[in-house]
Every structure is written in structure tokens, then in C-alpha cells.
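Below is coords-v4.cif, which holds mmCIF, C-alpha atoms and all ligand atoms.
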```cif
data_structure
#
loop_
_atom_site.label_atom_id
_atom_site.label_comp_id
_atom_site.auth_asym_id
_atom_site.auth_seq_id
_atom_site.Cartn_x
_atom_site.Cartn_y
_atom_site.Cartn_z
CA MET O 4 -14.27 14.22 -17.64
CA SER O 5 -17.94 14.21 -16.89
CA SER O 6 -19.08 14.29 -13.31
CA ALA O 7 -20.78 11.28 -11.76
CA ARG O 8 -24.45 11.03 -12.62
CA ASP O 9 -26.98 9.54 -10.31
CA LYS O 10 -29.25 6.97 -11.82
CA ALA O 11 -31.78 5.48 -9.47
CA ARG O 12 -32.29 1.85 -10.42
CA LYS O 13 -33.64 -1.31 -8.96
CA VAL O 14 -30.83 -3.74 -8.35
CA VAL O 15 -30.88 -7.41 -7.57
CA ARG O 16 -28.13 -8.25 -5.18
CA ARG O 17 -27.30 -11.65 -3.87
CA SER O 18 -27.28 -11.63 -0.11
CA ARG O 19 -23.94 -13.24 0.57
CA SER O 20 -24.60 -14.31 4.11
CA ARG O 21 -27.63 -16.42 3.30
CA GLY O 22 -27.19 -17.14 -0.41
CA ARG O 23 -30.69 -15.75 -1.09
CA GLU O 24 -31.56 -12.96 -3.46
CA ALA O 25 -32.75 -9.66 -2.08
CA VAL O 26 -34.14 -6.78 -4.12
CA PHE O 27 -33.74 -3.29 -2.88
CA GLU O 28 -33.53 0.25 -4.19
CA GLU O 29 -30.00 1.46 -4.70
CA SER O 30 -28.54 4.43 -6.40
CA ILE O 31 -26.09 3.40 -9.13
CA ILE O 32 -23.52 6.01 -10.00
CA ARG O 33 -20.94 6.09 -12.73
CA THR O 34 -17.51 5.38 -11.24
CA GLU O 35 -14.60 7.22 -12.84
CA LEU O 36 -11.35 5.22 -12.93
CA LEU O 37 -8.43 7.64 -13.10
CA PRO O 38 -5.02 6.27 -14.14
CA ALA O 39 -1.93 7.84 -12.59
CA ASP O 40 0.79 6.00 -14.47
CA ARG O 41 2.28 9.04 -16.25
CA PRO O 42 3.09 12.49 -14.86
CA ALA O 43 0.26 14.25 -16.73
CA ARG O 44 -2.29 11.60 -15.70
CA TRP O 45 -1.02 11.70 -12.12
CA ALA O 46 -1.51 15.47 -12.01
CA SER O 47 -5.02 15.36 -13.43
CA ALA O 48 -6.01 12.44 -11.14
CA VAL O 49 -4.84 14.44 -8.11
CA GLU O 50 -6.69 17.53 -9.36
CA ARG O 51 -9.93 15.60 -9.93
CA ALA O 52 -9.71 13.82 -6.56
CA VAL O 53 -9.18 17.14 -4.78
CA GLU O 54 -12.12 18.69 -6.66
CA LEU O 55 -14.48 15.87 -5.64
CA LEU O 56 -13.26 15.76 -2.02
CA ARG O 57 -13.74 19.54 -1.71
CA LYS O 58 -17.34 19.02 -2.84
CA GLY O 59 -17.86 16.52 -0.02
CA GLN O 60 -17.73 13.43 -2.26
CA VAL O 61 -15.85 10.21 -1.57
CA VAL O 62 -12.83 9.04 -3.60
CA ALA O 63 -10.92 5.74 -3.45
CA LEU O 64 -7.19 6.39 -3.28
CA PRO O 65 -4.10 4.19 -3.06
CA THR O 66 -2.08 4.08 0.15
CA GLU O 67 1.02 1.96 0.72
CA THR O 68 -1.03 -0.51 2.83
CA VAL O 69 -4.40 -0.95 1.07
CA TYR O 70 -6.70 1.33 -0.94
CA GLY O 71 -8.67 3.76 1.21
CA LEU O 72 -12.08 5.33 0.65
CA ALA O 73 -11.40 8.98 1.45
CA ALA O 74 -13.65 11.85 2.50
CA ASP O 75 -13.24 15.27 4.11
CA ALA O 76 -12.60 14.39 7.78
CA ARG O 77 -14.19 17.69 8.88
CA SER O 78 -17.53 16.87 7.27
CA ALA O 79 -20.00 14.59 9.03
CA ALA O 80 -22.02 14.26 5.81
CA ALA O 81 -18.97 13.25 3.73
CA VAL O 82 -17.94 10.66 6.32
CA ARG O 83 -21.50 9.29 6.41
CA ALA O 84 -21.24 8.79 2.64
CA VAL O 85 -18.18 6.59 3.24
CA PHE O 86 -20.09 4.44 5.74
CA ARG O 87 -23.00 4.15 3.29
CA ALA O 88 -20.82 3.10 0.37
CA LYS O 89 -19.07 0.43 2.46
CA GLY O 90 -22.13 -0.75 4.37
CA ARG O 91 -20.01 -0.15 7.48
CA PRO O 92 -21.64 -0.20 10.91
CA ALA O 93 -21.62 3.28 12.51
CA HIS O 94 -19.94 1.95 15.66
CA ASN O 95 -16.63 1.36 13.86
CA PRO O 96 -14.47 4.53 13.88
CA VAL O 97 -12.30 5.53 10.89
CA ILE O 98 -8.68 6.61 10.58
CA VAL O 99 -7.92 10.26 9.81
CA HIS O 100 -5.10 10.59 7.26
CA VAL O 101 -2.77 13.57 7.54
CA GLU O 102 0.17 14.80 5.49
CA SER O 103 2.36 15.79 8.46
CA ALA O 104 2.71 15.53 12.23
CA GLU O 105 1.61 19.16 12.32
CA MET O 106 -1.72 18.29 10.69
CA ALA O 107 -2.07 15.34 13.12
CA ARG O 108 -1.59 17.68 16.10
CA ASP O 109 -4.56 19.68 14.88
CA CYS O 110 -6.75 16.55 14.96
CA VAL O 111 -5.91 15.63 18.57
CA SER O 112 -6.24 17.38 21.92
CA GLU O 113 -2.96 15.92 23.24
CA TRP O 114 0.22 15.16 21.34
CA PRO O 115 2.47 13.37 23.86
CA PRO O 116 6.24 13.04 23.36
CA MET O 117 5.69 9.37 22.46
CA ALA O 118 3.51 10.43 19.51
CA GLU O 119 6.20 12.82 18.36
CA SER O 120 8.92 10.14 18.59
CA LEU O 121 6.79 7.58 16.73
CA ALA O 122 5.82 10.05 14.01
CA ARG O 123 9.49 10.91 13.52
CA ALA O 124 10.45 7.24 13.35
CA PHE O 125 7.63 5.81 11.21
CA TRP O 126 5.78 8.55 9.32
CA PRO O 127 4.97 8.64 6.55
CA GLY O 128 4.21 4.95 6.93
CA PRO O 129 1.88 2.16 8.09
CA LEU O 130 1.48 3.19 11.74
CA THR O 131 -1.81 4.59 13.10
CA LEU O 132 -1.85 6.39 16.46
CA VAL O 133 -4.96 6.55 18.65
CA LEU O 134 -5.05 9.76 20.72
CA PRO O 135 -7.61 12.00 22.45
CA ARG O 136 -9.66 13.73 19.76
CA SER O 137 -9.93 17.41 18.90
CA LYS O 138 -13.38 18.91 19.46
CA TRP O 139 -13.91 19.62 15.78
CA ILE O 140 -13.56 15.97 14.72
CA PRO O 141 -17.11 14.81 13.87
CA ASP O 142 -18.64 11.99 15.93
CA GLU O 143 -19.05 10.05 12.68
CA VAL O 144 -15.24 9.71 12.52
CA THR O 145 -14.74 8.53 16.10
CA ALA O 146 -18.01 6.57 16.34
CA GLY O 147 -18.90 8.89 19.19
CA GLY O 148 -15.77 7.99 21.19
CA GLU O 149 -13.29 10.36 22.81
CA THR O 150 -10.31 9.19 20.76
CA VAL O 151 -9.27 9.59 17.14
CA ALA O 152 -6.92 7.46 15.04
CA VAL O 153 -4.39 9.40 12.92
CA ARG O 154 -1.95 8.21 10.29
CA CYS O 155 0.35 9.80 7.72
CA PRO O 156 0.37 7.42 4.73
CA ARG O 157 3.46 6.88 2.60
CA HIS O 158 1.89 6.78 -0.86
CA PRO O 159 2.96 10.02 -2.62
CA LEU O 160 -0.36 10.33 -4.46
CA PHE O 161 -2.40 10.19 -1.26
CA LEU O 162 -0.08 12.77 0.33
CA GLU O 163 -0.46 15.07 -2.67
CA VAL O 164 -4.23 14.81 -2.49
CA ILE O 165 -4.25 15.75 1.22
CA ARG O 166 -1.98 18.72 0.47
CA GLY O 167 -4.19 19.76 -2.43
CA CYS O 168 -7.27 19.61 -0.21
CA GLY O 169 -5.61 21.37 2.72
CA PHE O 170 -7.65 19.26 5.15
CA PRO O 171 -7.24 15.72 6.58
CA LEU O 172 -9.02 12.78 4.98
CA ALA O 173 -11.00 10.17 6.87
CA ALA O 174 -10.44 6.85 5.09
CA PRO O 175 -11.28 3.27 5.93
CA SER O 176 -10.16 0.51 3.59
CA ALA O 177 -12.08 0.72 0.27
CA ASN O 178 -13.93 -2.62 0.54
CA ARG O 179 -17.47 -3.61 1.51
CA SER O 180 -17.58 -3.93 5.29
CA SER O 181 -15.98 -7.14 6.66
CA GLU O 182 -14.65 -8.24 3.24
CA VAL O 183 -11.02 -8.48 2.16
CA SER O 184 -9.26 -5.10 1.78
CA PRO O 185 -8.32 -4.00 -1.75
CA THR O 186 -4.68 -3.82 -2.84
CA SER O 187 -5.41 -2.70 -6.41
CA ALA O 188 -7.81 -0.31 -8.13
CA GLU O 189 -9.41 -3.34 -9.76
CA HIS O 190 -10.29 -4.80 -6.34
CA VAL O 191 -11.92 -1.46 -5.40
CA LEU O 192 -13.95 -1.37 -8.60
CA LYS O 193 -15.22 -4.90 -8.03
CA ALA O 194 -16.35 -4.06 -4.50
CA LEU O 195 -17.53 -0.47 -4.85
CA GLY O 196 -17.97 0.21 -8.57
CA GLY O 197 -21.37 1.88 -9.07
CA ARG O 198 -21.41 2.99 -5.43
CA ILE O 199 -18.68 5.67 -5.44
CA PRO O 200 -17.88 8.42 -7.96
CA CYS O 201 -14.13 7.91 -8.37
CA VAL O 202 -11.21 5.50 -8.00
CA VAL O 203 -7.63 6.64 -8.57
CA ASP O 204 -5.41 3.82 -9.87
CA GLY O 205 -2.03 4.22 -8.19
CA GLY O 206 -0.86 0.68 -8.84
CA GLU O 207 -0.55 -2.21 -6.42
CA CYS O 208 -0.06 -1.46 -2.74
CA SER O 209 3.52 -2.01 -1.60
CA VAL O 210 2.78 -3.16 1.99
CA GLY O 211 -0.42 -5.07 1.26
CA ILE O 212 -2.04 -5.36 4.71
CA GLU O 213 -3.52 -2.63 6.90
CA SER O 214 -1.50 -0.39 9.20
CA THR O 215 -0.50 -1.19 12.76
CA VAL O 216 -2.99 0.54 15.10
CA LEU O 217 -1.40 1.68 18.38
CA ASP O 218 -3.42 3.06 21.28
CA LEU O 219 -1.47 5.83 23.02
CA THR O 220 -4.35 6.78 25.33
CA ILE O 221 -3.57 3.92 27.72
CA SER O 222 -0.45 3.18 29.72
CA PRO O 223 1.52 1.30 28.65
CA PRO O 224 0.46 1.85 25.02
CA GLN O 225 -0.99 -1.15 23.26
CA VAL O 226 -1.21 -2.50 19.73
CA LEU O 227 -4.90 -2.84 18.81
CA ARG O 228 -4.22 -4.21 15.32
CA PRO O 229 -0.85 -5.72 14.39
CA GLY O 230 0.69 -4.59 11.11
CA MET O 231 3.98 -4.58 9.27
CA ILE O 232 5.44 -2.08 11.72
CA HIS O 233 6.11 -4.68 14.37
CA GLU O 234 5.78 -4.33 18.15
CA GLU O 235 9.53 -4.79 18.51
CA SER O 236 10.21 -1.77 16.28
CA ILE O 237 7.73 0.34 18.25
CA GLU O 238 9.24 -0.79 21.57
CA ALA O 239 12.67 0.22 20.30
CA VAL O 240 11.33 3.79 20.09
CA ILE O 241 9.00 4.16 23.11
CA GLY O 242 9.73 1.21 25.40
CA ARG O 243 7.51 -1.62 26.60
CA LEU O 244 4.01 -2.06 25.17
CA GLY O 245 1.03 -3.58 26.98
CA ALA O 246 0.05 -7.18 26.24
CA GLY O 247 -2.28 -8.15 23.36
CA PRO O 248 -5.53 -6.47 22.26
CA ARG O 249 -8.08 -6.50 25.03
CA VAL O 250 -11.64 -5.69 25.80
CA ALA O 251 -12.11 -2.61 27.99
CA GLY O 252 -15.29 -2.15 30.04
CA GLY O 253 -17.16 -4.67 27.93
CA ALA O 254 -16.57 -2.65 24.73
CA LEU O 255 -13.97 -3.51 22.14
CA ARG O 256 -11.21 -0.91 22.20
CA SER O 257 -11.05 -1.22 18.44
CA PRO O 258 -14.24 -2.43 16.78
CA GLY O 259 -12.19 -3.44 13.76
CA LEU O 260 -10.98 -6.27 15.99
CA LEU O 261 -14.34 -7.97 15.61
CA ALA O 262 -13.47 -11.58 15.00
CA ARG O 263 -14.86 -11.95 11.49
CA HIS O 264 -13.12 -9.39 9.41
CA TYR O 265 -11.03 -9.33 6.28
CA ALA O 266 -12.96 -12.41 5.23
CA PRO O 267 -13.00 -13.89 1.73
CA ARG O 268 -16.06 -15.79 0.49
CA ALA O 269 -14.22 -19.10 0.21
CA ARG O 270 -13.86 -20.90 3.53
CA LEU O 271 -10.29 -20.46 4.68
CA VAL O 272 -8.30 -23.07 6.56
CA VAL O 273 -4.71 -22.88 7.72
CA LEU O 274 -2.98 -26.27 7.60
CA ALA O 275 0.47 -27.73 8.07
CA TRP O 276 1.45 -30.78 6.02
CA VAL O 277 4.59 -32.82 5.63
CA GLY O 278 3.87 -34.36 2.26
CA GLU O 279 1.13 -34.64 -0.28
CA ARG O 280 -0.31 -37.84 1.23
CA ASP O 281 -0.57 -36.10 4.56
CA LEU O 282 -2.24 -33.09 2.95
CA GLU O 283 -4.71 -35.34 1.13
CA ARG O 284 -5.60 -37.12 4.37
CA ASN O 285 -6.13 -33.85 6.24
CA LEU O 286 -8.29 -32.42 3.47
CA GLY O 287 -10.35 -35.60 3.43
CA LYS O 288 -11.00 -35.30 7.17
CA LEU O 289 -12.17 -31.71 6.70
CA GLY O 290 -14.35 -32.57 3.70
CA VAL O 291 -12.34 -30.25 1.45
CA GLU O 292 -12.51 -31.11 -2.27
CA PRO O 293 -9.23 -30.31 -4.10
CA ALA O 294 -10.98 -29.40 -7.39
CA ARG O 295 -12.83 -26.59 -5.61
CA THR O 296 -9.85 -25.45 -3.57
CA CYS O 297 -7.13 -22.83 -3.96
CA VAL O 298 -3.88 -23.45 -2.10
CA LEU O 299 -1.53 -20.74 -0.87
CA ALA O 300 1.82 -22.43 -0.27
CA HIS O 301 5.23 -21.07 0.61
CA ASP O 302 7.30 -24.14 1.35
CA ARG O 303 5.79 -27.55 0.58
CA ILE O 304 4.22 -27.01 -2.82
CA PRO O 305 1.61 -29.66 -3.69
CA ARG O 306 1.97 -30.87 -7.27
CA GLN O 307 -0.05 -34.08 -7.54
CA LEU O 308 -3.48 -33.25 -6.20
CA ASN O 309 -5.83 -31.66 -8.67
CA PHE O 310 -6.38 -28.25 -7.08
CA LEU O 311 -8.24 -25.35 -8.70
CA ARG O 312 -5.14 -23.23 -8.15
CA VAL O 313 -1.85 -23.49 -6.30
CA ALA O 314 -0.27 -20.11 -5.62
CA VAL O 315 3.28 -19.96 -4.36
CA ILE O 316 3.95 -16.91 -2.20
CA PRO O 317 7.55 -16.27 -1.15
CA ARG O 318 8.46 -17.30 2.39
CA ASP O 319 9.31 -13.74 3.30
CA PRO O 320 6.91 -11.71 5.46
CA GLU O 321 7.10 -8.49 3.40
CA ALA O 322 6.56 -10.27 0.10
CA TYR O 323 3.85 -12.45 1.64
CA ALA O 324 1.90 -9.48 3.03
CA ARG O 325 2.11 -7.75 -0.36
CA ALA O 326 0.68 -10.78 -2.21
CA LEU O 327 -1.81 -12.18 0.31
CA TYR O 328 -4.97 -10.13 -0.35
CA ALA O 329 -4.59 -10.30 -4.13
CA GLU O 330 -4.48 -14.11 -3.78
CA LEU O 331 -7.58 -14.14 -1.57
CA HIS O 332 -9.41 -11.96 -4.11
CA ARG O 333 -8.26 -14.35 -6.87
CA CYS O 334 -9.64 -17.38 -4.98
CA ASP O 335 -13.04 -15.68 -4.77
CA GLU O 336 -12.93 -14.74 -8.46
CA LEU O 337 -12.26 -18.38 -9.35
CA GLY O 338 -15.30 -19.37 -7.33
CA ALA O 339 -13.29 -21.53 -4.93
CA CYS O 340 -15.20 -23.07 -2.02
CA TRP O 341 -12.07 -23.44 0.11
CA THR O 342 -8.75 -21.69 0.44
CA VAL O 343 -6.08 -23.78 2.12
CA VAL O 344 -3.18 -21.75 3.46
CA GLU O 345 0.06 -23.45 4.40
CA ALA O 346 0.78 -22.69 8.08
CA LEU O 347 3.17 -19.80 8.58
CA PRO O 348 6.42 -19.69 10.53
CA ASP O 349 5.74 -18.96 14.21
CA ASP O 350 7.81 -15.83 14.33
CA ALA O 351 7.17 -12.19 15.31
CA ALA O 352 7.76 -10.98 11.74
CA TRP O 353 4.73 -13.06 10.64
CA HIS O 354 2.48 -11.95 13.50
CA ALA O 355 0.35 -9.44 11.51
CA ILE O 356 -0.11 -11.85 8.59
CA ALA O 357 -1.13 -14.67 10.96
CA ASP O 358 -3.62 -12.24 12.56
CA ARG O 359 -5.29 -11.51 9.19
CA LEU O 360 -5.46 -15.21 8.33
CA ARG O 361 -7.06 -15.97 11.70
CA ARG O 362 -9.73 -13.36 11.07
CA ALA O 363 -10.28 -14.53 7.49
CA ALA O 364 -10.74 -18.07 8.80
CA THR O 365 -13.36 -17.05 11.38
CA ARG O 366 -16.90 -17.60 10.15
CA GLN O 367 -20.00 -16.01 11.58
CA THR O 368 -22.41 -18.55 12.88
O1 LIG N 401 -3.73 0.80 6.52
C1 LIG N 401 -4.77 1.24 6.97
O2 LIG N 401 -4.95 1.48 8.18
C2 LIG N 401 -5.92 1.49 5.97
C3 LIG N 401 -5.50 2.60 5.01
C4 LIG N 401 -6.63 3.02 4.09
O3 LIG N 401 -5.01 3.69 5.72
N1 LIG N 401 -7.11 1.84 6.65
C5 LIG N 401 -7.84 0.94 7.34
O4 LIG N 401 -8.99 1.50 7.87
O5 LIG N 401 -7.53 -0.23 7.47
P1 LIG N 401 -10.15 0.60 8.45
O6 LIG N 401 -11.23 1.55 8.79
O7 LIG N 401 -10.49 -0.48 7.50
O8 LIG N 401 -9.55 0.06 9.79
C6 LIG N 401 -9.28 0.98 10.83
C7 LIG N 401 -9.13 0.25 12.13
C8 LIG N 401 -10.42 -0.39 12.55
O9 LIG N 401 -10.06 -1.61 13.18
C9 LIG N 401 -10.99 0.61 13.55
O10 LIG N 401 -11.83 -0.02 14.49
C10 LIG N 401 -9.72 1.14 14.19
O11 LIG N 401 -8.79 1.22 13.12
N2 LIG N 401 -9.91 2.49 14.73
C11 LIG N 401 -10.20 3.63 14.07
N3 LIG N 401 -10.35 4.66 14.93
C12 LIG N 401 -10.13 4.15 16.17
C13 LIG N 401 -10.14 4.70 17.49
N4 LIG N 401 -10.40 5.98 17.71
N5 LIG N 401 -9.87 3.88 18.53
C14 LIG N 401 -9.61 2.57 18.31
N6 LIG N 401 -9.59 1.99 17.11
C15 LIG N 401 -9.84 2.77 16.04
MG MG N 402 -11.04 -2.21 6.80
#
```

Would it be possible to restate this file's structure as C-alpha cells?
Amino acid sequence: MSSARDKARKVVRRSRSRGREAVFEESIIRTELLPADRPARWASAVERAVELLRKGQVVALPTETVYGLAADARSAAAVRAVFRAKGRPAHNPVIVHVESAEMARDCVSEWPPMAESLARAFWPGPLTLVLPRSKWIPDEVTAGGETVAVRCPRHPLFLEVIRGCGFPLAAPSANRSSEVSPTSAEHVLKALGGRIPCVVDGGECSVGIESTVLDLTISPPQVLRPGMIHEESIEAVIGRLGAGPRVAGGALRSPGLLARHYAPRARLVVLAWVGERDLERNLGKLGVEPARTCVLAHDRIPRQLNFLRVAVIPRDPEAYARALYAELHRCDELGACWTVVEALPDDAAWHAIADRLRRAATRQT
């Protein structure tokens, strides 16, 4: 396998926010796509990923939630390369991925009993713990803050890569900043192909939405970002949590909670309808044209109206989370102007999914 070659080129990129074209210098690099669907390929993908990460390069890797763009968490330069590739604002801290609670303890200056209990209950898995940082964690990782987010992912390939490296990996989701997270290697290539040296294809993500982020530096602890490890499950382990994400001292506790996040290009609306007539009326009021609209339904499936696409996602929170981002990516690929999502059950198990839909529906003005 040849290493990534830098080729400076002039690129025309469409500025998505304004629909205008902007020309700027960018460095296009060849992106290796490494399959991991057979034991020998898996082993060589892990080996190559470790080699690149040891050299301070960035590599997109599968986790059980979404694909992450990984870099050596000890290296400020490597982490800066992640921010550059994503176009991520420097004020948004990244999660440090570890292969064990022991490695997590090395990243933090305090490891309270609650962290130990949660790690035992949910790691490896989609729970991220925010704790006071170790001194050696670069400012680039914490965005200059005094806390660091740590998580032990459940995808065996990611775990093997961390073990092979022998150091923790800083990894945000492998998408362009504020766009929908990737749940397949193909999604990563579409967003970051030509900008990063390597993507490991570990199949589709089994959870499908980002981890639950829990702040353990405040009392009582508080969920900053809901995920598929629900508050009720966390409370069963450590007792009562504080109420809803909040703003502390004028600054967002978790910048990833910025309203517009996880946003597809198509305008997203969440709607409830009783029948197709009702749906048609509501769409008319909103100025939504069926022929340019994708529908994500789980219960009342529209059959008559001439939509661009009608996707049926099972009315089951786990299955829904797994399918959601792939459907949002599909709507954008089809060039839809609108995505109409059938309103979800108002139930704690759907909380994290409803949160992502709310953010996807929020437009910047
Ligand atoms: O499932 C996931 O968490 C995926 C996979 C790759 O692990 N990662 C992910 O990373 O979603 P990212 O960077 O896209 O989102 C991390 C979230 C952001 O909302 C960020 O603001 C928050 O975690 N975060 C990171 N460090 C933090 C800290 N020290 N304090 C508060 N929030 C933090
Ligand atoms: Mg993200």
C-alpha cells in the first residue's frame, strides 16, 4: 500500500451556507480505504491504522456509535489535523477514546467511585464521561478547558487499534463540522475523502447515533448529550442525575450542544399526521412539495402522494437509531429539498433520537 501523497491543487467548493461558489487553496490527499471484512484484511487494516497514527496522522475508524476521526490524543499537532480536516471550531473539545478504565484513569486527574461504577456497567460502550483532565492532555483536546471527555468504545477494531498504538485516541465523529455523523465508511469518504489519508471500513455502525455524554464534574452529574444509554440506566447505577443540559456561566458546558448540529442539507420537519389527506394539507401549509421530499415514516406510511422517497424505519428505538443517519445521508444524496419525519413516540427510550431530530431541524439564520 502506498502512503498518502500530497498534491496541492486549486479546488472549487460550493459554499453550502450561501449557495455561492468559493475558490480556495486546499491540499488534496489520496485517501486509502481499507476493508476489514476478512481476518487477514482486518489484521492489515489495524496494522496500517496503527502505523499512520504513530506517525501523527489521522485515520477514520468505525465505532459502535458512528465513525470517528482518530488521532494520537497526546499530540497537539495530530489533534489539530483532526480539527483542520473537519473544519471544526477550536472551541469544541473532543472525546478521548481508551481501551480500558485503566487507560481512562491516566487521562484524568480524578477517577471518582461513580466513574468506576459506570465504566464497569457500560464500558466498552456508548457512554462518555467528562472528568477533570490530566496535565498531559493537550489544550487542543479539551479546547483549553479543565475537563476531558473519555470513552471506551465497543467496536473491536477500534479497541485493537488503541491497543496496537499503546496510547489513547482523540476522535470526534468523522464528518465535516455540523453535518450529519457517518455510520458507514462510504459516508466518511463522501465527507472527508481527499482530506484524510485513511478510512478503515468496519461495516455499518450498530448503535447509529453518538454516545451519551455525562458530566461527572458537577453534582449531581448531568447528561450533556443524550444517547442510547438512557438516563434511567445511568440513574440505576449512580442515583439521581441533574436536570437537562444547561448553560453554565454564560458558556455552553458542551459546545456540541450548539443548536444547529447533526444537520442534513435538506430542510427537516417533524410532523404528525392521521391520514394522507391530513399530511397533504400540512405539507401544503408549510410549502413542502412532495416530489422534492423524502419521508421517514414508522407508523402511518403514506402511499398516495408522489414523494421522492418514503423510507420505513421500524418503530423500535434501537433499530431507528441505527437507520436514522443513513436515511438522512440518503435524502441529501437524492437532492431532496425537504425531509419529513413522522413524529416519534413521546417516551424516554426515544429521547436521544428526538434530540438529534430537533438539532437537525434547527436552521441557522
Ligand atoms: O459516539 C461518539 O461520542 C462519537 C464516537 C466517534 O466516539 N464521537 C463524537 O464526538 O460524537 P464529537 O466530537 O462529534 O462529539 C463530542 C461531544 C461534543 O458535543 C463535545 O462538545 C462534547 O462531546 N465534549 C467533548 N469533550 C468535552 C468536555 N471536556 N466537556 C464537555 N463536553 C465535551
Ligand atoms: Mg460530531

Please list as an MDAnalysis selection string every residue within 6 Å of range 144-155 of chain O, counting all atoms listed in the file and excluding residues in the same chain fewer than 3 positions away.
chainID O and resid 94:102 126:127 131:136 141

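Nearest to Pro185 in chain O of all the residues O:Leu274, O:Ala88, O:Leu64, O:Val291 is O:Leu64, counting only C-alpha atoms.
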
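Minimum atom-to-atom distance to ligand MG 402 (chain N), evaluated using all atoms listed in the file, belongs to O:Ile212 out of O:Leu337, O:Ala104, O:Ala294, O:Ile212.
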
Just give me the gap between CA of Ala324 in chain O and CA of Arg166 in chain O in Å, one decimal is fine.
28.6 Å

Quick one: residues within 12 Å of Arg83 in chain O, only C-alpha atoms, excluding same-chain residues fewer than 6 positions away - as a PyMOL selection string?
chain O and resi 59-61+72-77+89-97+141-146+173-175

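Atom pair CA of Asp204 in chain O / CA of Asp40 in chain O has a distance of 8.0 Å (rounded to one decimal).
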